[in-house]
Amino acid sequence: MFDICELCEPETLAEAKAIFRANPELKVIAGGTDVLIRMQHGNLAGAGLLSLRNIPHLDEIQLLADGTISVGAMAPFTRIFEHELIRKHVPVLGEASVSMGGPQVRNVATIGGNLCNGAVSADSASTLFALDALLKLETAEGERIIPMRDFYAGPGKVNLLPGELLVAILIPREGYEGMGGHYIKFAPRKAMDIATLGVAVVCKIRENRFVELRIGLGVAAPVPVRCFEAEAYAKGREVTWECVQEIARLALKPAKARSSWRASKDYREHLIEVLAQRAVAEAVKRGGGCCAD
Amino acid sequence: MLTKNAAGVKARKRLCMTVNGRAVEIEIDIRESLLDVLRDRLQFTGVKQGCSVGECGACTVLLDGTPVNSCIYLAAWAHGKTVVTIEGLAQDGKLTPVQEAFVDEGAIQCGFCTPGVVLSTTAMVDSGKCFTHDEVRRELSGHLCRCTGYQKIVDAAERALREAEIAADEHPV
């Protein structure tokens, strides 16, 4: 049994926001694959839960009129991985989604829960950083839309106001259109493991030059980061192996790797450089470029 | 909608679901997992309690046809849903083709992971999709076999998928 003192199961988003405004101390639960495990480990004792599972339409994946792809916060990872829109337009997000947990977890775990949990190792987070995604947050009073990179406040901490719910993840057209992408999750096991490092790359290539490159790193710092220096260096440059190597070296700049029982600082930095190289090379290939030397 | 749990008073909820083809209506405690309800109240002990934290897959059941870890799924969430446990597969003592495939391949050692693995394989077969070898391994990756007998499990799943494909070719719907 879980140490739960109450369970609220609103049937509409408006109802959920009203309950959350009146009871900001409630713990929001989406798929439960993080919250219930934490409870099983004795954390969150006596919490009241606000379950979003009965709210319809919160798990929809849609292409909006302006080309934005909207992923409902309650969309489970299996749905994202299998969804036609994601396969066609944002396959890199599908790659990240299927690398998370195991099938039974992916069938229930939601992308919104994964982000709100604030874990730097969230496979979806580094990818959404690279995709320049936006988050739609709502309270009973209104909504705001913020960039992914303003969401993370620290390890396990996200910028959600009291009573605020993550409703959807928005991937603007400029974020994905014409981009080749690749996500590499590095972990000791291929399944049911947490990333030692996650590297997400998307790039747009024209006449074998970088029109645009974006790199998101997970577990390289206390929060997911973008590699702006590497991205600026790449812009306009011809794709060569030397260029890719330099990009990978510059990808280390925003990293604040630390030693933990999973990996040492030195090892993590080594991984960032090597995996950034591989991820960029593959993303270039998928974007129609060639960095063969 | 708001199920208050005042000091010492257990918050209870009426749960209606279909388990192995039968409608079940039962009063549950909101603190219970689906695993607790299936095993302790409904006596479906084929659902195994392993790690309790969604790592091992022993507690896997099919929820509306999809494999989930019942240990980290609130029982209250199963309201209105269809649950299949290992007890729901064989009919009148006759094993399903998936179960037969596990027997034929000798894919069972201690048997603790078997109910979950058979259910995940059943979900693959029922999906009607084709799976590559790597995809079969991926679909079974949420199960730990403490006897480490993975090879035969994968062999059995592939046999079940192959046989289902042949059967579909012979008797197209």
# chains A, B, ... in the order shown; residues from 1 in each chain; ligands from 1

call {"tool": "interface_residues", "arguments": {"of": "chain A", "to": "chain B", "cutoff": "8 Å", "atoms": "only C-alpha atoms", "output": "ChimeraX atom specification"}}
result
/A:1-10,32-33,36-37,40,53,101-105,107-108,191-192

call {"tool": "write_last_selection", "arguments": {"atoms": "N, CA and C atoms", "output": "short mmCIF file (atom, residue, chain, number, x, y, z; two decimals), in the first residue's frame"}}
result
data_model
loop_
_atom_site.label_atom_id
_atom_site.label_comp_id
_atom_site.auth_asym_id
_atom_site.auth_seq_id
_atom_site.Cartn_x
_atom_site.Cartn_y
_atom_site.Cartn_z
N MET A 1 0.83 -1.21 0.00
CA MET A 1 0.00 0.00 0.00
C MET A 1 0.86 1.25 0.00
N PHE A 2 0.36 2.25 -0.66
CA PHE A 2 1.08 3.51 -0.72
C PHE A 2 0.60 4.42 0.40
N ASP A 3 1.53 5.24 0.90
CA ASP A 3 1.19 6.15 2.00
C ASP A 3 0.55 7.42 1.42
N ILE A 4 -0.72 7.29 1.06
CA ILE A 4 -1.46 8.38 0.43
C ILE A 4 -2.57 8.81 1.37
N CYS A 5 -2.75 10.12 1.57
CA CYS A 5 -3.85 10.52 2.46
C CYS A 5 -5.11 10.87 1.67
N GLU A 6 -4.94 11.25 0.41
CA GLU A 6 -6.14 11.49 -0.40
C GLU A 6 -5.79 11.38 -1.87
N LEU A 7 -6.83 11.12 -2.66
CA LEU A 7 -6.65 10.97 -4.10
C LEU A 7 -7.73 11.78 -4.80
N CYS A 8 -7.30 12.83 -5.49
CA CYS A 8 -8.25 13.65 -6.25
C CYS A 8 -8.15 13.23 -7.70
N GLU A 9 -9.29 12.94 -8.30
CA GLU A 9 -9.30 12.52 -9.69
C GLU A 9 -10.25 13.37 -10.52
N PRO A 10 -9.85 14.62 -10.78
CA PRO A 10 -10.74 15.50 -11.56
C PRO A 10 -10.98 14.96 -12.96
N GLY A 32 2.68 8.06 -12.71
CA GLY A 32 2.96 7.47 -11.40
C GLY A 32 4.24 6.67 -11.33
N THR A 33 4.94 6.53 -12.48
CA THR A 33 6.12 5.66 -12.47
C THR A 33 7.32 6.31 -11.77
N LEU A 36 5.05 7.05 -7.53
CA LEU A 36 4.73 5.85 -6.73
C LEU A 36 5.99 5.10 -6.32
N ILE A 37 7.03 5.18 -7.16
CA ILE A 37 8.29 4.53 -6.78
C ILE A 37 8.92 5.28 -5.61
N GLN A 40 7.12 4.25 -2.65
CA GLN A 40 7.53 2.90 -2.28
C GLN A 40 8.85 2.93 -1.49
N ARG A 53 -5.11 11.57 -14.57
CA ARG A 53 -5.37 10.48 -15.51
C ARG A 53 -6.79 10.45 -16.08
N GLY A 101 13.21 3.80 -19.76
CA GLY A 101 12.63 2.69 -19.01
C GLY A 101 12.50 1.42 -19.83
N GLY A 102 11.44 0.66 -19.57
CA GLY A 102 11.12 -0.54 -20.33
C GLY A 102 9.71 -0.37 -20.88
N PRO A 103 9.23 -1.34 -21.67
CA PRO A 103 7.91 -1.18 -22.30
C PRO A 103 6.77 -0.90 -21.31
N GLN A 104 6.73 -1.67 -20.21
CA GLN A 104 5.60 -1.47 -19.28
C GLN A 104 5.62 -0.07 -18.68
N VAL A 105 6.82 0.44 -18.44
CA VAL A 105 6.94 1.80 -17.91
C VAL A 105 6.55 2.81 -18.99
N ASN A 107 4.54 2.48 -21.36
CA ASN A 107 3.10 2.45 -21.64
C ASN A 107 2.32 3.34 -20.70
N VAL A 108 2.91 3.69 -19.58
CA VAL A 108 2.20 4.45 -18.56
C VAL A 108 2.86 5.81 -18.29
N ALA A 191 18.34 -1.27 -21.59
CA ALA A 191 16.96 -1.06 -21.16
C ALA A 191 16.91 -0.85 -19.66
N MET A 192 15.82 -0.27 -19.19
CA MET A 192 15.58 -0.12 -17.75
C MET A 192 16.77 0.53 -17.05
#

call {"tool": "residues_around", "arguments": {"residues": "Gly65 (chain B)", "least_positions_apart": "3", "cutoff": "8 Å", "atoms": "only C-alpha atoms", "output": "list in words"}}
result
Leu62, Thr82, Val83, Val84 and Ala123 of chain B

call {"tool": "write_last_selection", "arguments": {"atoms": "C-alpha atoms", "output": "PDB file, in the first residue's frame"}}
result
ATOM      1  CA  LEU B  62      -2.528  -6.388 -19.609  1.00  0.00           C
ATOM      2  CA  THR B  82     -10.142  -4.374 -18.761  1.00  0.00           C
ATOM      3  CA  VAL B  83      -7.451  -6.362 -16.985  1.00  0.00           C
ATOM      4  CA  VAL B  84      -5.984  -9.667 -18.111  1.00  0.00           C
ATOM      5  CA  ALA B 123       0.388  -8.297 -26.284  1.00  0.00           C
TER       6      ALA B 123
END

call {"tool": "residues_around", "arguments": {"residues": "region 98-104 of chain B", "least_positions_apart": "2", "cutoff": "7 Å", "atoms": "only C-alpha atoms", "output": "list in words"}}
result
Leu95, Thr96, Gly106, Ala107, Ile108, Val118, Thr122, Ala156, Arg159 and Ala160 of chain B

call {"tool": "closest_residue", "arguments": {"among": "A:Ala30, A:Gly42, A:Ala281, A:Leu250", "to": "Met74 (chain A)", "atoms": "only C-alpha atoms"}}
result
A:Ala30

call {"tool": "residues_around", "arguments": {"residues": "Ala125 (chain A)", "least_positions_apart": "2", "cutoff": "10 Å", "atoms": "only C-alpha atoms", "output": "VMD selection string"}}
result
chain A and resid 93 96 111 114 to 116 118 to 123 127 to 131 133 148 to 149 152 198 200 216 to 218 223 to 225
